[in-house]
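Asks: Here you go, start-v2.csv (CSV, C-alpha atoms):
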chain,number,residue,atom,x,y,z
V,155,MET,CA,0.0,0.0,0.0
V,156,ARG,CA,1.4,3.4,-1.0
V,157,SER,CA,1.6,5.9,1.7
V,158,ASN,CA,0.2,9.4,1.4
V,159,LEU,CA,3.7,10.7,1.6
V,160,THR,CA,5.0,8.5,-1.2
V,161,ALA,CA,2.0,9.2,-3.4
V,162,GLY,CA,2.5,13.0,-2.7
V,163,ILE,CA,6.2,12.8,-3.8
V,164,ILE,CA,5.4,11.0,-7.0
V,165,ALA,CA,2.4,13.3,-7.7
V,166,GLY,CA,4.6,16.3,-7.0
V,167,LEU,CA,7.1,15.1,-9.6
V,168,ILE,CA,4.3,14.5,-12.2
V,169,ALA,CA,2.9,18.0,-11.6
V,170,GLY,CA,6.4,19.4,-11.5
V,171,VAL,CA,7.2,18.2,-15.0
V,172,VAL,CA,4.1,19.9,-16.4
V,173,PHE,CA,4.8,23.2,-14.5
V,174,GLY,CA,8.5,22.9,-15.5
V,175,ILE,CA,7.6,22.8,-19.2
V,176,MET,CA,5.4,25.8,-18.7
V,177,MET,CA,8.3,27.7,-16.9
V,178,THR,CA,10.8,26.7,-19.6
V,179,LEU,CA,8.5,28.2,-22.3
V,180,MET,CA,7.6,31.3,-20.3
V,181,HIS,CA,10.0,34.2,-20.4
V,182,ALA,CA,10.6,36.9,-17.9
V,183,PRO,CA,12.1,40.4,-18.6
V,184,THR,CA,15.6,41.1,-17.6
V,185,PRO,CA,17.0,44.4,-16.4
V,186,ASP,CA,18.9,44.9,-19.7
V,187,GLY,CA,15.7,44.8,-21.7
V,188,GLY,CA,15.9,41.2,-22.8
V,189,SER,CA,14.2,38.2,-21.5
V,190,MET,CA,15.0,34.7,-20.2
V,191,PRO,CA,13.2,31.5,-19.5
V,192,MET,CA,11.6,31.3,-16.1
V,193,MET,CA,13.4,28.0,-15.5
V,194,ALA,CA,16.8,29.8,-16.0
V,195,MET,CA,15.6,32.3,-13.3
V,196,VAL,CA,14.9,29.3,-11.1
V,197,ALA,CA,18.5,28.1,-11.7
V,198,GLN,CA,19.8,31.5,-10.5
V,199,VAL,CA,18.4,30.7,-7.1
V,200,VAL,CA,21.2,28.2,-6.7
V,201,LYS,CA,23.8,30.4,-8.4
V,202,SER,CA,23.6,28.8,-11.9
V,203,ASN,CA,22.4,29.8,-15.4
V,204,SER,CA,21.9,26.2,-16.5
V,205,LEU,CA,18.4,25.1,-17.5
V,206,ALA,CA,19.4,21.6,-16.4
V,207,VAL,CA,20.2,22.8,-12.9
V,208,GLY,CA,17.0,24.8,-12.9
V,209,TRP,CA,15.1,21.6,-13.7
V,210,VAL,CA,16.8,19.5,-11.0
V,211,TYR,CA,16.2,22.2,-8.4
V,212,HIS,CA,12.6,22.6,-9.6
V,213,LEU,CA,11.8,18.9,-9.5
V,214,PHE,CA,13.5,18.5,-6.1
V,215,ASN,CA,11.2,21.2,-4.8
V,216,SER,CA,8.2,19.7,-6.6
V,217,ALA,CA,8.9,16.3,-4.8
V,218,VAL,CA,9.2,18.0,-1.4
V,219,ILE,CA,6.1,20.1,-1.9
V,220,GLY,CA,4.2,17.0,-3.2
V,221,GLY,CA,5.3,15.0,-0.2
V,222,LEU,CA,4.1,17.7,2.2
V,223,PHE,CA,0.8,17.8,0.3
V,224,GLY,CA,0.3,14.0,0.8
V,225,TRP,CA,1.4,14.2,4.4
V,226,ILE,CA,-0.6,17.2,5.5
V,227,LEU,CA,-3.7,16.9,3.3
V,228,GLY,CA,-3.8,13.3,2.2
V,229,GLY,CA,-6.4,12.3,4.9
V,230,LYS,CA,-8.7,15.1,3.8
V,231,ILE,CA,-8.8,14.2,0.2
V,232,GLY,CA,-11.4,11.8,-1.1
V,233,GLY,CA,-12.1,12.1,-4.9
V,234,TYR,CA,-11.0,14.2,-7.7
V,235,GLY,CA,-13.2,17.2,-6.7
V,236,SER,CA,-11.7,17.6,-3.3
V,237,ALA,CA,-8.2,16.9,-4.7
V,238,ALA,CA,-8.6,19.7,-7.3
V,239,GLY,CA,-9.9,22.1,-4.6
V,240,TRP,CA,-7.3,21.4,-2.1
V,241,GLY,CA,-4.6,21.3,-4.8
V,242,ALA,CA,-5.7,24.7,-6.2
V,243,GLY,CA,-5.5,26.2,-2.7
V,244,TYR,CA,-2.2,24.6,-2.0
V,245,GLY,CA,-0.8,25.9,-5.3
V,246,PHE,CA,-2.0,29.4,-4.4
V,247,VAL,CA,-0.2,29.1,-1.0
V,248,TRP,CA,3.0,28.0,-2.8
V,249,TRP,CA,2.7,30.9,-5.2
V,250,ILE,CA,2.8,33.3,-2.3
V,251,LEU,CA,5.5,31.4,-0.4
V,252,GLY,CA,7.7,30.4,-3.4
V,253,GLY,CA,6.9,32.8,-6.2
V,254,LEU,CA,6.4,36.0,-4.2
V,255,ILE,CA,8.5,35.6,-1.1
V,256,LEU,CA,11.3,32.9,-1.3
V,257,MET,CA,12.4,33.3,-4.9
V,258,PRO,CA,12.6,37.1,-5.0
V,259,VAL,CA,14.5,37.0,-1.7
V,260,PHE,CA,16.9,34.3,-2.9
V,261,LEU,CA,17.5,36.5,-6.0
V,262,GLY,CA,18.4,39.5,-3.9
V,263,MET,CA,15.0,41.3,-4.2
V,264,PRO,CA,12.5,42.2,-1.5
V,265,ALA,CA,9.6,39.8,-0.9
V,266,PHE,CA,6.6,40.6,-3.2
V,267,ALA,CA,8.9,42.4,-5.6
V,268,PRO,CA,7.3,40.8,-8.7
V,269,LEU,CA,4.0,42.5,-7.8
V,270,GLN,CA,5.7,45.9,-7.1
V,271,MET,CA,7.6,46.0,-10.5
V,272,PRO,CA,5.2,46.8,-13.4
V,273,MET,CA,7.3,44.8,-15.9
V,274,MET,CA,7.1,41.7,-13.7
V,275,ARG,CA,3.4,41.8,-12.9
V,276,PRO,CA,2.4,39.7,-16.0
V,277,VAL,CA,5.1,37.2,-15.0
V,278,ALA,CA,3.8,37.1,-11.4
V,279,PHE,CA,0.2,36.4,-12.6
V,280,ALA,CA,1.4,33.8,-15.1
V,281,SER,CA,3.3,32.2,-12.2
V,282,LEU,CA,0.0,32.2,-10.2
V,283,MET,CA,-1.7,30.3,-12.9
V,284,GLY,CA,1.2,27.9,-13.1
V,285,HIS,CA,1.2,27.3,-9.4
V,286,VAL,CA,-2.6,26.7,-9.3
V,287,ILE,CA,-2.3,24.3,-12.3
V,288,PHE,CA,0.5,22.5,-10.5
V,289,GLY,CA,-1.7,22.2,-7.4
V,290,VAL,CA,-4.7,20.8,-9.4
V,291,LEU,CA,-2.5,18.3,-11.2
V,292,LEU,CA,-0.8,17.4,-7.9
V,293,GLY,CA,-4.2,16.6,-6.4
V,294,ALA,CA,-5.4,14.6,-9.4
V,295,ALA,CA,-2.2,12.6,-9.6
V,296,PHE,CA,-2.3,12.0,-5.9
V,297,VAL,CA,-5.8,10.6,-6.0
V,298,SER,CA,-4.9,8.4,-9.0
V,299,LEU,CA,-1.7,7.1,-7.4
V,300,ARG,CA,-3.4,6.3,-4.1
V,301,ALA,CA,-6.3,4.6,-5.9
V,302,THR,CA,-4.0,2.6,-8.1
V,303,ALA,CA,-2.0,1.4,-5.1
V,304,SER,CA,-5.1,0.2,-3.3
V,305,HIS,CA,-6.8,-1.1,-6.5
V,306,ALA,CA,-9.9,0.9,-5.6
V,307,PRO,CA,-11.9,2.7,-8.3
V,308,LEU,CA,-10.2,6.0,-9.2
V,309,GLY,CA,-11.3,8.9,-7.1
V,310,THR,CA,-12.7,6.8,-4.3
V,311,ALA,CA,-9.6,5.6,-2.4
V,312,ARG,CA,-9.1,6.9,1.2
V,313,HIS,CA,-6.1,6.0,3.3
V,314,ALA,CA,-5.0,7.3,6.7
Would you put the structure from the file into structure tokens?
Replies:
Amino acid sequence: MRSNLTAGIIAGLIAGVVFGIMMTLMHAPTPDGGSMPMMAMVAQVVKSNSLAVGWVYHLFNSAVIGGLFGWILGGKIGGYGSAAGWGAGYGFVWWILGGLILMPVFLGMPAFAPLQMPMMRPVAFASLMGHVIFGVLLGAAFVSLRATASHAPLGTARHA
């Protein structure tokens, strides 16, 4: 039987791949008037410009965030509806924590800088959409993985 923690980690990786593709395709403005993929900006958090490093760091965080989802919320989630709702809310929370507080601070900016900088506001709101999509996918993958592990019909499995 797969634990909520394990299902959350795997679901986090699944949702992280989708969000990572979005971030690789999405560009953010740079101070010199150019632009760069958001995934390259993620890499800068760990002092790199490599997209590969950005992907590794992003997927590590996705696994941790997914594991926390399973551990904290796994017992509250029944089917796909509750998974999508909890996931969307969880994604919103991580947009605030990760996208608006931690990432700007790690990049040498004040918390909430993306909302205070007019050229970054569209990126901040695209990031919001990405985090919410990540959360919904995280919830759906979590329910599917948990149901598959218990051989119950999809969307009906519940484990402690």
Asks: Step by step: start from the point (-1.4, 14.4, -0.5) in the file's coordinates, keep every protein, DNA or RNA residue that has an atom no farther than 6 Å from it, count only C-alpha atoms, and write the set as a PDB file with C-alpha atoms, in the frame of the given file.
Replies:
ATOM      1  CA  ASN V 158       0.200   9.400   1.400  1.00  0.00           C
ATOM      2  CA  GLY V 162       2.500  13.000  -2.700  1.00  0.00           C
ATOM      3  CA  PHE V 223       0.800  17.800   0.300  1.00  0.00           C
ATOM      4  CA  GLY V 224       0.300  14.000   0.800  1.00  0.00           C
ATOM      5  CA  TRP V 225       1.400  14.200   4.400  1.00  0.00           C
ATOM      6  CA  LEU V 227      -3.700  16.900   3.300  1.00  0.00           C
ATOM      7  CA  GLY V 228      -3.800  13.300   2.200  1.00  0.00           C
ATOM      8  CA  PHE V 296      -2.300  12.000  -5.900  1.00  0.00           C
TER       9      PHE V 296
END
Asks: Have a look at CA of Ala182 (chain V) and CA of Val196 (chain V) and let me know their distance in Å, one decimal.
Replies: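 Taking CA of Ala182 (chain V) as the start and CA of Val196 (chain V) as the end point, the length is 11.1 Å.
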Asks: Please report, as JSON lines, each residue of region 197-302 of chain V lying at most 6 Å from region 168-171 of chain V, together with the nearest pair of atoms and the separation in Å rounded to one decimal; use all atoms listed in the file, and order rows by chain and ascending residue number.
Replies:
{"residue": "V:Leu213", "atom": "CA", "partner": "V:Gly170", "partner_atom": "CA", "distance": 5.8}
{"residue": "V:Ser216", "atom": "CA", "partner": "V:Gly170", "partner_atom": "CA", "distance": 5.2}
{"residue": "V:Phe288", "atom": "CA", "partner": "V:Ala169", "partner_atom": "CA", "distance": 5.2}
{"residue": "V:Leu291", "atom": "CA", "partner": "V:Ala169", "partner_atom": "CA", "distance": 5.4}
{"residue": "V:Leu292", "atom": "CA", "partner": "V:Ala169", "partner_atom": "CA", "distance": 5.3}
Asks: Set the distance at 12 Å and use only C-alpha atoms: which residues neighbour Tyr211 (chain V) once local chain neighbours fewer than 4 positions away are removed? I'd like the list as a list in words.
Replies: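 That gives Leu167, Gly170, Val171, Gly174, Met193, Ala194, Met195, Val196, Ala197, Gln198, Val199, Val200, Lys201, Ser202, Ser204, Leu205, Ala206, Val207, Asn215, Ser216, Ala217 and Val218 of chain V.
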Asks: Keeping C-alpha atoms for every residue in the selection just given, could you write it to a file as a PDB file, keeping the file's coordinate frame?
Replies:
ATOM      1  CA  LEU V 167       7.100  15.100  -9.600  1.00  0.00           C
ATOM      2  CA  GLY V 170       6.400  19.400 -11.500  1.00  0.00           C
ATOM      3  CA  VAL V 171       7.200  18.200 -15.000  1.00  0.00           C
ATOM      4  CA  GLY V 174       8.500  22.900 -15.500  1.00  0.00           C
ATOM      5  CA  MET V 193      13.400  28.000 -15.500  1.00  0.00           C
ATOM      6  CA  ALA V 194      16.800  29.800 -16.000  1.00  0.00           C
ATOM      7  CA  MET V 195      15.600  32.300 -13.300  1.00  0.00           C
ATOM      8  CA  VAL V 196      14.900  29.300 -11.100  1.00  0.00           C
ATOM      9  CA  ALA V 197      18.500  28.100 -11.700  1.00  0.00           C
ATOM     10  CA  GLN V 198      19.800  31.500 -10.500  1.00  0.00           C
ATOM     11  CA  VAL V 199      18.400  30.700  -7.100  1.00  0.00           C
ATOM     12  CA  VAL V 200      21.200  28.200  -6.700  1.00  0.00           C
ATOM     13  CA  LYS V 201      23.800  30.400  -8.400  1.00  0.00           C
ATOM     14  CA  SER V 202      23.600  28.800 -11.900  1.00  0.00           C
ATOM     15  CA  SER V 204      21.900  26.200 -16.500  1.00  0.00           C
ATOM     16  CA  LEU V 205      18.400  25.100 -17.500  1.00  0.00           C
ATOM     17  CA  ALA V 206      19.400  21.600 -16.400  1.00  0.00           C
ATOM     18  CA  VAL V 207      20.200  22.800 -12.900  1.00  0.00           C
ATOM     19  CA  ASN V 215      11.200  21.200  -4.800  1.00  0.00           C
ATOM     20  CA  SER V 216       8.200  19.700  -6.600  1.00  0.00           C
ATOM     21  CA  ALA V 217       8.900  16.300  -4.800  1.00  0.00           C
ATOM     22  CA  VAL V 218       9.200  18.000  -1.400  1.00  0.00           C
TER      23      VAL V 218
END
Asks: Mind giving me the straight-line distance from CA of Asn203 (chain V) to CA of Gly253 (chain V) in Å, one decimal?
Replies: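 CA of Asn203 (chain V) sits 18.3 Å away from CA of Gly253 (chain V).
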Asks: Please measure the separation of CA of Phe246 (chain V) and CA of Pro276 (chain V), giving the value in Å to one decimal.
Replies: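 Distance between the two atoms: 16.1 Å.
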Asks: Go through V:Gly245, V:Pro268, V:Pro258, V:Gly187 and flag the residue nearest Leu282 (chain V), using all atoms listed in the file for the distances.
Replies: V:Gly245
Asks: Calculated over all atoms listed in the file, which of the candidates V:Ala301, V:Val286, V:Val277, V:Ile219 has the smallest distance to Met180 (chain V)?
Replies: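 Closest to Met180 (chain V) of all the choices is V:Val277.
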Asks: Report as a VMD selection string all protein, DNA and RNA residues lying within 6 Å of region 240-242 of chain V, evaluated on all atoms listed in the file, omitting residues in the same chain fewer than 6 positions from it.
Replies: chain V and resid 286 289 to 290 293
Asks: Pick out the closest residue to His285 (chain V) from this set: V:Ser298, V:Pro185, V:Phe214, V:Phe173. Count all atoms listed in the file.
Replies: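 Going through V:Ser298, V:Pro185, V:Phe214, V:Phe173 one by one, the smallest distance to His285 (chain V) is for V:Phe173.
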Asks: Which residues are near Pro183 (chain V)? Cut-off 8 Å, all atoms listed in the file, ignore same chain within fewer than 6 positions. Put them as number ranges by chain.
Replies: V: 189-190, 273-274
Asks: Take the residues that were just selected and, keeping C-alpha atoms, output them as a compact mmCIF listing (two decimals), in the coordinates of the input.
Replies:
# COMPACT_ATOMS: atom_id res chain seq x y z
CA SER V 189 14.20 38.20 -21.50
CA MET V 190 15.00 34.70 -20.20
CA MET V 273 7.30 44.80 -15.90
CA MET V 274 7.10 41.70 -13.70
Asks: Counting only C-alpha atoms, which of V:Met271, V:Val247, V:Met257, V:Ala165 gets nearest to Gly220 (chain V)?
Replies: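 The answer is V:Ala165, which sits nearest to Gly220 (chain V).
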Asks: With all atoms listed in the file as the atoms that count, which of V:Ile175, V:Ala278, V:Ala238, V:Val210 lies nearest to Gly252 (chain V)?
Replies: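 Using all atoms listed in the file, Gly252 (chain V) sits closest to V:Ala278.
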Asks: Counting all atoms listed in the file, which of V:Gly262, V:Gly166, V:Gly208, V:Gly221 gets nearest to Ala294 (chain V)?
Replies: V:Gly166
